[in-house]
Amino acid sequence: MKADPSTPTNGEPSAVEVPAVELPVRKNVSKKQFGTQLHASTITRLEWIKKRGYVISKTVDDAVNAWLDSAGVPRPDAKGKMPDA
């Protein structure tokens, strides 16, 4: 019978070594808070998306950008500056 490594020979449990946790490095550009009121039906749809593994903040950002693109709002340049009107 193989001995349990977490139990020393005297019968008392020893501290179990836990591997270090590595947090993923943020890969996205900086983000700013965007607060708004949404209809309950919109929240329900976002929850449906979330249950399928999508990231809500990315989904909302993509949706807002698609709407702004369709409205003809220009995108900022590489430095984050908007073109002159």
# chains A, B, ... in the order shown; residues from 1 in each chain; ligands from 1
$ residues_around --residues "segment 65-74 of chain A" --least-positions-apart "3" --cutoff "10 Å" --atoms "only C-alpha atoms" --output "list of chain:residue names"
A:Thr59, A:Val60, A:Asp61, A:Asp62, A:Asp77, A:Met82, A:Pro83, A:Asp84, A:Ala85
$ write_last_selection --atoms "C-alpha atoms" --output "PDB file, in the first residue's frame"
ATOM      1  CA  THR A  59     -19.569  41.892 -26.967  1.00  0.00           C
ATOM      2  CA  VAL A  60     -20.865  45.310 -25.917  1.00  0.00           C
ATOM      3  CA  ASP A  61     -17.726  47.047 -27.219  1.00  0.00           C
ATOM      4  CA  ASP A  62     -18.073  45.282 -30.584  1.00  0.00           C
ATOM      5  CA  ASP A  77      -6.086  57.216 -35.141  1.00  0.00           C
ATOM      6  CA  MET A  82     -10.263  61.733 -33.361  1.00  0.00           C
ATOM      7  CA  PRO A  83     -10.022  63.419 -36.754  1.00  0.00           C
ATOM      8  CA  ASP A  84     -11.042  67.067 -36.930  1.00  0.00           C
ATOM      9  CA  ALA A  85     -14.663  67.656 -37.815  1.00  0.00           C
TER      10      ALA A  85
END
$ residues_around --residues "Leu46 of chain A" --least-positions-apart "5" --cutoff "10 Å" --atoms "only C-alpha atoms" --output "MDAnalysis selection string"
chainID A and resid 40:41 51 54:57 59:60
$ atom_distance --atom1 "atom CA of Lys31 of chain A" --atom2 "atom CA of Arg75 of chain A"
15.9 Å
$ atom_distance --atom1 "atom CA of Lys79 of chain A" --atom2 "atom CA of Lys32 of chain A"
15.9 Å
$ atom_distance --atom1 "atom CA of Phe34 of chain A" --atom2 "atom CA of Arg52 of chain A"
23.1 Å
